[in-house]
Each structure stands twice: as C-alpha cells, then as structure tokens.
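Below: the structure, in structure tokens.
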Amino acid sequence: MIARRRPHLLWLLGPFVLYLGVLPFANRVRPVVLGLPFLFFWLLCATLLTPVCVWLTHRGDRRRGDRTPGDRTRGDRKERRV
C-alpha cells in the first residue's frame, strides 16, 4: 500500500537486503577481493551503498513535495513573519 503512494521508500529496502537478506549467501572466506575476504568486501560495499539509498529516498520525498513537520522553506518563514 505504501509502495503505491510513495514508491521511493522502496530504496530503504536496499540496505536491509544487502546486510541481512544476502548475508548468509555472502558468508565466504574465498574468493579474496582487493585483499579482503569476500564477506568483508560485501559488508564494505553495503556500508558504502547505504547512504546512497537513503539519499535517493530523501530526493524522492523532496521531489514529490512530501515534508516532515520540522522541514521549513523560505516561503514558510516569510509567511510566519507577516
């Protein structure tokens, strides 16, 4: 139901799947990638991709105009002064 109204939130499933969903399959010592065991390399990649997923979700919220109660824009501040 949320996916129909706000599909950009599905980006937040990325870190979950990278860390927990695929972890049992990536739990290998060999092959060695860039001098790291595969599991460490996988966790490093997941850690680097997590901020990207969060940024894409944030960008989707801003594009749609969805705002949290704490967000303010310049127009909001001008309206409050008057």
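For the structure tokens, the naming scheme is as follows: chains receive sequential letters (A, B, ...) according to their order of presentation, residues are indexed from 1 within each chain, and ligands are indexed from 1 in presentation order.
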Residues within 8 Å of Leu56 of chain A, only C-alpha atoms, excluding chain neighbours under 3 positions, as a count of residues only
6
Per DSSP on the backbone, what are the strand (DSSP E or B) residues of segment 30-63 of chain A, as a count of residues only?
4
I want to know what sits within 8 Å of segment 18-21 of chain A, based on only C-alpha atoms, with residues of the same chain fewer than 4 positions away left out; could you give that as an NGL selection string?
:A and (14 or 43 or 46)
Could you turn the residues from that selection into a file that holds all heavy atoms, as a JSON list (two decimals), in the first residue's frame?
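The resulting again-v8.json:
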```
[["chain", "number", "residue", "atom", "x", "y", "z"],
["A", 14, "GLY", "N", 16.96, -1.58, 0.29],
["A", 14, "GLY", "CA", 18.29, -1.92, -0.20],
["A", 14, "GLY", "C", 19.27, -2.29, 0.90],
["A", 14, "GLY", "O", 19.86, -3.38, 0.87],
["A", 43, "LEU", "N", 30.39, -6.46, 3.08],
["A", 43, "LEU", "CA", 29.94, -5.52, 4.10],
["A", 43, "LEU", "C", 30.43, -4.10, 3.82],
["A", 43, "LEU", "O", 29.71, -3.13, 4.08],
["A", 43, "LEU", "CB", 30.39, -5.99, 5.48],
["A", 43, "LEU", "CG", 29.71, -7.26, 5.99],
["A", 43, "LEU", "CD1", 30.33, -7.71, 7.30],
["A", 43, "LEU", "CD2", 28.22, -7.05, 6.15],
["A", 46, "ALA", "N", 28.16, -2.77, 1.12],
["A", 46, "ALA", "CA", 26.84, -2.48, 1.68],
["A", 46, "ALA", "C", 26.88, -1.19, 2.49],
["A", 46, "ALA", "O", 25.96, -0.38, 2.44],
["A", 46, "ALA", "CB", 26.36, -3.64, 2.54]]
```
In terms of only C-alpha atoms, the residue from A:Arg5, A:Arg62, A:Val32, A:Leu49 at minimal distance from Val17 of chain A is A:Leu49
